[in-house]
Amino acid sequence: MAILVTGGAGYIGSVMVEQLVEAGRGVVVLDSLARGHRGALDPSVPFYEGRIGDRELVERVCREHSVDACIHFAALAYVGESVTEPKLYFENNSAQGLGLLEGLLAAGVRRFVFSSTCATYGEPVRVPIDETHPQAPVNPYGWSKLFMEKILSAYDHAYDLRFVALRYFNAAGATRRRGEHHEPETHLIPNVLAAAAGRLPFVSVFGGDYPTPDGTCVRDYIHVTDLCSAHTLALEYLGRGGASDFINLGNGYGYSVMEVIEAARRVTGREIEVRMEPARPGDPARLVADATKAREVLGWKTRHPELEEIVRTAWEWHQSHKEGYGSEAQASAG
C-alpha cells in the first residue's frame, strides 16, 4: 500500500515525502512542477508529472501503486497573486481539487489529509484563533481553500470520504536536504536570510504602527518538520476510524517581524538592512493559533518550537543550497 502525495515536489510536500520514506512508508508523488522542483525529491520515489485534476491519471496512479490514502499539498499559495489573478486560484485550488477527489473516489481511496490554511479565518475577531473562529476569508486564496473544506464536508456525508483538514499558520525552517525555494519568494524568513547572505539589499517591513509590542505584525511560525509530523498523525487517526475534522497547526504563540529579523541577525552574525514600507491592506496585526485540538485529537506536539532553531535550520539549508534546487549537483544530492 502507498500514500499519494500531491504537490510532493514543493516545499512542505518534499519534507513530507522525506519523512514518509524515512519511516518506511510506500509513497508516490503527483506534481505538475509548475512551482515545485524535481530536485526536491529523491530519485527513488515514484513520480508522475501531471495535474491533480486529471481524474484518469489520478485513478491510474492509485491503482498502479495500491494507494490507500492521499495527502494533498498541491495548490497555489500567493495571497497577492490570488487578488490579481483569482481565476488561477479557483481553477487550480478548487476545480482541480475537485477532479482529484473524483479520481480518488473512483480508485476506492477514502482517507484524505488536506493542506488548508488559517487564511480561511480572515480578519481575526479573537486571538489566539481556535477552530470555532468564524471563517470569512479576505482574499481568493483563502476562499479557494474554504471551498475545498466545504466540498470535503459534503463528500464525507455523501461518499464516506473521511478527511482531516489541517489549517496551517506560518510554515518555516528546513531539513538538511530540503528547504524553501519559491520564485518569487514572498515569505519573511527566506527573504530575511537572503538579505543576510547579500542576495537582497534589504528587507522590507510593511507597517510599523500596529498595536503590537514593537509595532510590526506578529505571526505564529511552525517548523516544517513539525507540520509534516501532524499529517502522519492525521493519517493514523483516520486509520483508527477517526471522524473527519478541521484542526489548526501552529506553535500557539507569535513573533513579530522585527523579532524574526533580530533572530536572523543572531543566527547569521550578519547585519540585515531594514526598509520600512507602508502597511499592506488586509494584513492583520496578530495571527496566532490555538493548537489545543491538535494535541488532544492527534496527540501532536512540536519538537522545534524555538524561533532561533527554526531560523537556524533555514539558514543552514540556504547556505548549502545557494541556488535552491537550481543546480544538478544539489538536485542529485536528494
# chains A, B, ... in the order shown; residues from 1 in each chain; ligands from 1

call {"tool": "select_by_dssp", "arguments": {"residues": "range 121-245 of chain A", "states": "helix (DSSP H, G or I)", "output": "NGL selection string"}}
result
:A and (140-159 or 188-196 or 224-239)

call {"tool": "residues_around", "arguments": {"residues": "Asn139 in chain A", "least_positions_apart": "6", "cutoff": "10 Å", "atoms": "only C-alpha atoms", "output": "MDAnalysis selection string"}}
result
chainID A and resid 79:84 86 119:120 122 282

call {"tool": "residues_around", "arguments": {"residues": "range 249-259 of chain A", "least_positions_apart": "4", "cutoff": "7 Å", "atoms": "only C-alpha atoms", "output": "ChimeraX atom specification"}}
result
/A:166-169,216-222,227,263,288-291,294,305

call {"tool": "write_last_selection", "arguments": {"atoms": "all heavy atoms", "output": "compact mmCIF listing (two decimals), in the first residue's frame"}}
result
# COMPACT_ATOMS: atom_id res chain seq x y z
N LEU A 166 -6.05 20.34 7.77
CA LEU A 166 -5.09 20.96 8.69
C LEU A 166 -4.89 22.42 8.29
O LEU A 166 -4.38 22.70 7.21
CB LEU A 166 -3.77 20.19 8.65
CG LEU A 166 -3.88 18.73 9.11
CD1 LEU A 166 -2.59 17.98 8.81
CD2 LEU A 166 -4.21 18.64 10.60
N ARG A 167 -5.29 23.31 9.17
CA ARG A 167 -5.21 24.74 8.90
C ARG A 167 -3.88 25.27 9.40
O ARG A 167 -3.69 25.51 10.59
CB ARG A 167 -6.39 25.47 9.55
CG ARG A 167 -7.74 25.08 8.95
CD ARG A 167 -8.90 25.64 9.76
NE ARG A 167 -10.18 25.25 9.17
CZ ARG A 167 -11.33 25.22 9.85
NH1 ARG A 167 -11.35 25.60 11.13
NH2 ARG A 167 -12.44 24.84 9.26
N TYR A 168 -2.94 25.47 8.44
CA TYR A 168 -1.60 25.93 8.79
C TYR A 168 -1.60 27.39 9.19
O TYR A 168 -2.34 28.21 8.65
CB TYR A 168 -0.65 25.85 7.59
CG TYR A 168 -0.49 24.52 6.91
CD1 TYR A 168 0.28 24.46 5.76
CD2 TYR A 168 -1.07 23.36 7.38
CE1 TYR A 168 0.48 23.27 5.10
CE2 TYR A 168 -0.89 22.16 6.73
CZ TYR A 168 -0.12 22.11 5.58
OH TYR A 168 0.07 20.94 4.90
N PHE A 169 -0.65 27.72 10.05
CA PHE A 169 -0.30 29.11 10.25
C PHE A 169 0.98 29.35 9.41
O PHE A 169 0.93 29.19 8.21
CB PHE A 169 -0.22 29.43 11.74
CG PHE A 169 -1.62 29.67 12.31
CD1 PHE A 169 -2.55 28.64 12.34
CD2 PHE A 169 -2.02 30.92 12.72
CE1 PHE A 169 -3.84 28.85 12.79
CE2 PHE A 169 -3.32 31.16 13.18
CZ PHE A 169 -4.23 30.11 13.21
N THR A 216 5.26 46.01 14.70
CA THR A 216 5.23 45.20 13.48
C THR A 216 4.33 43.97 13.68
O THR A 216 4.07 43.56 14.81
CB THR A 216 6.64 44.75 13.06
OG1 THR A 216 7.22 43.93 14.09
CG2 THR A 216 7.52 45.96 12.81
N CYS A 217 3.89 43.39 12.57
CA CYS A 217 2.94 42.28 12.62
C CYS A 217 3.52 41.08 13.37
O CYS A 217 4.72 40.80 13.31
CB CYS A 217 2.58 41.83 11.20
SG CYS A 217 1.55 42.99 10.30
N VAL A 218 2.63 40.37 14.05
CA VAL A 218 3.00 39.17 14.79
C VAL A 218 2.39 37.95 14.11
O VAL A 218 1.21 37.95 13.77
CB VAL A 218 2.51 39.25 16.25
CG1 VAL A 218 2.67 37.91 16.96
CG2 VAL A 218 3.26 40.35 17.00
N ARG A 219 3.24 36.92 13.90
CA ARG A 219 2.78 35.69 13.26
C ARG A 219 3.26 34.47 14.04
O ARG A 219 4.26 34.52 14.74
CB ARG A 219 3.29 35.60 11.81
CG ARG A 219 2.76 36.69 10.90
CD ARG A 219 1.27 36.54 10.66
NE ARG A 219 0.75 37.53 9.72
CZ ARG A 219 0.17 38.67 10.09
NH1 ARG A 219 0.07 38.98 11.38
NH2 ARG A 219 -0.31 39.51 9.19
N ASP A 220 2.55 33.37 13.86
CA ASP A 220 2.83 32.10 14.51
C ASP A 220 3.64 31.23 13.54
O ASP A 220 3.12 30.82 12.50
CB ASP A 220 1.49 31.42 14.86
CG ASP A 220 1.64 30.17 15.69
OD1 ASP A 220 2.68 29.50 15.60
OD2 ASP A 220 0.68 29.84 16.42
N TYR A 221 4.92 30.98 13.87
CA TYR A 221 5.79 30.20 12.98
C TYR A 221 5.92 28.77 13.50
O TYR A 221 6.12 28.55 14.69
CB TYR A 221 7.17 30.85 12.89
CG TYR A 221 7.13 32.19 12.22
CD1 TYR A 221 6.98 33.36 12.97
CD2 TYR A 221 7.20 32.30 10.83
CE1 TYR A 221 6.91 34.60 12.34
CE2 TYR A 221 7.14 33.54 10.21
CZ TYR A 221 6.98 34.68 10.96
OH TYR A 221 6.90 35.91 10.35
N ILE A 222 5.82 27.81 12.57
CA ILE A 222 5.91 26.40 12.91
C ILE A 222 6.94 25.72 12.02
O ILE A 222 6.95 25.95 10.80
CB ILE A 222 4.52 25.73 12.79
CG1 ILE A 222 4.61 24.23 13.04
CG2 ILE A 222 3.89 26.00 11.45
CD1 ILE A 222 3.25 23.55 13.09
N LEU A 227 5.15 20.43 11.23
CA LEU A 227 3.94 20.48 10.40
C LEU A 227 3.70 19.12 9.75
O LEU A 227 2.58 18.58 9.78
CB LEU A 227 4.13 21.55 9.33
CG LEU A 227 2.92 22.03 8.56
CD1 LEU A 227 2.02 22.87 9.45
CD2 LEU A 227 3.35 22.85 7.36
N ALA A 263 16.35 37.66 15.36
CA ALA A 263 16.77 36.26 15.48
C ALA A 263 17.71 35.90 14.34
O ALA A 263 18.71 35.20 14.54
CB ALA A 263 15.55 35.34 15.49
N VAL A 288 -2.25 34.16 15.52
CA VAL A 288 -1.67 33.15 16.39
C VAL A 288 -2.67 32.03 16.58
O VAL A 288 -3.87 32.27 16.78
CB VAL A 288 -1.27 33.74 17.76
CG1 VAL A 288 -0.69 32.65 18.67
CG2 VAL A 288 -0.27 34.87 17.58
N ALA A 289 -2.20 30.79 16.50
CA ALA A 289 -3.08 29.63 16.58
C ALA A 289 -3.34 29.20 18.01
O ALA A 289 -2.46 29.27 18.87
CB ALA A 289 -2.46 28.46 15.83
N ASP A 290 -4.54 28.71 18.24
CA ASP A 290 -4.83 27.87 19.39
C ASP A 290 -4.76 26.44 18.86
O ASP A 290 -5.65 25.99 18.13
CB ASP A 290 -6.22 28.18 19.95
CG ASP A 290 -6.56 27.32 21.17
OD1 ASP A 290 -5.93 26.25 21.34
OD2 ASP A 290 -7.47 27.69 21.93
N ALA A 291 -3.69 25.73 19.19
CA ALA A 291 -3.47 24.37 18.66
C ALA A 291 -3.84 23.29 19.67
O ALA A 291 -3.38 22.15 19.56
CB ALA A 291 -2.03 24.23 18.23
N ALA A 294 -5.17 20.00 18.12
CA ALA A 294 -4.17 19.12 17.51
C ALA A 294 -3.53 18.22 18.56
O ALA A 294 -3.26 17.04 18.31
CB ALA A 294 -3.11 19.94 16.79
N PRO A 305 10.03 24.28 18.60
CA PRO A 305 9.20 25.48 18.74
C PRO A 305 9.97 26.80 18.78
O PRO A 305 9.37 27.86 18.59
CB PRO A 305 8.49 25.25 20.08
CG PRO A 305 9.49 24.45 20.88
CD PRO A 305 10.19 23.56 19.88

call {"tool": "residues_around", "arguments": {"residues": "Ala234 in chain A", "least_positions_apart": "4", "cutoff": "10 Å", "atoms": "only C-alpha atoms", "output": "PyMOL selection string"}}
result
chain A and resi 71+111-114+163-166+228-230+238-240+242+244-245+247+294+297-300

call {"tool": "residues_around", "arguments": {"residues": "range 307-324 of chain A", "least_positions_apart": "5", "cutoff": "7 Å", "atoms": "only C-alpha atoms", "output": "ChimeraX atom specification"}}
result
/A:172-177,179,181,193,223,263-264,267,330

call {"tool": "closest_residue", "arguments": {"among": "A:Val138, A:Ala106, A:Val5, A:Leu76", "to": "Cys118 in chain A", "atoms": "only C-alpha atoms"}}
result
A:Val138

call {"tool": "atom_distance", "arguments": {"atom1": "CA of Pro201 in chain A", "atom2": "CA of Tyr325 in chain A"}}
result
22.1 Å

call {"tool": "residues_around", "arguments": {"residues": "range 19-35 of chain A", "least_positions_apart": "5", "cutoff": "6 Å", "atoms": "only C-alpha atoms", "output": "MDAnalysis selection string"}}
result
chainID A and resid 2:8 46:51

call {"tool": "write_last_selection", "arguments": {"atoms": "C-alpha atoms", "output": "compact mmCIF listing (two decimals), in the first residue's frame"}}
result
# COMPACT_ATOMS: atom_id res chain seq x y z
CA ALA A 2 1.15 3.56 -0.69
CA ILE A 3 0.33 7.14 0.16
CA LEU A 4 -0.24 9.57 -2.71
CA VAL A 5 1.38 12.94 -2.00
CA THR A 6 0.17 15.66 -4.36
CA GLY A 7 2.49 18.66 -4.61
CA GLY A 8 5.24 16.43 -3.26
CA PRO A 46 7.86 7.08 -7.83
CA PHE A 47 6.95 10.36 -9.54
CA TYR A 48 4.27 11.40 -12.01
CA GLU A 49 4.28 14.81 -13.65
CA GLY A 50 0.73 15.98 -14.22
CA ARG A 51 -2.22 17.96 -12.91

call {"tool": "select_by_dssp", "arguments": {"residues": "range 144-311 of chain A", "states": "strand (DSSP E)", "output": "MDAnalysis selection string"}}
result
chainID A and resid 162:168 170:172 203:206 218:219 221:223 245:249 255:256 274:277 286:287

call {"tool": "closest_residue", "arguments": {"among": "A:Arg275, A:Ile189, A:Ile261, A:Ser153", "to": "Gly207 in chain A", "atoms": "only C-alpha atoms"}}
result
A:Arg275

call {"tool": "atom_distance", "arguments": {"atom1": "CA of Asp68 in chain A", "atom2": "CA of Arg110 in chain A"}}
result
7.2 Å

call {"tool": "atom_distance", "arguments": {"atom1": "CA of Pro213 in chain A", "atom2": "CA of Tyr78 in chain A"}}
result
27.4 Å

call {"tool": "closest_residue", "arguments": {"among": "A:Val205, A:Val58, A:Leu152, A:Ala196", "to": "Ser94 in chain A", "atoms": "only C-alpha atoms"}}
result
A:Leu152
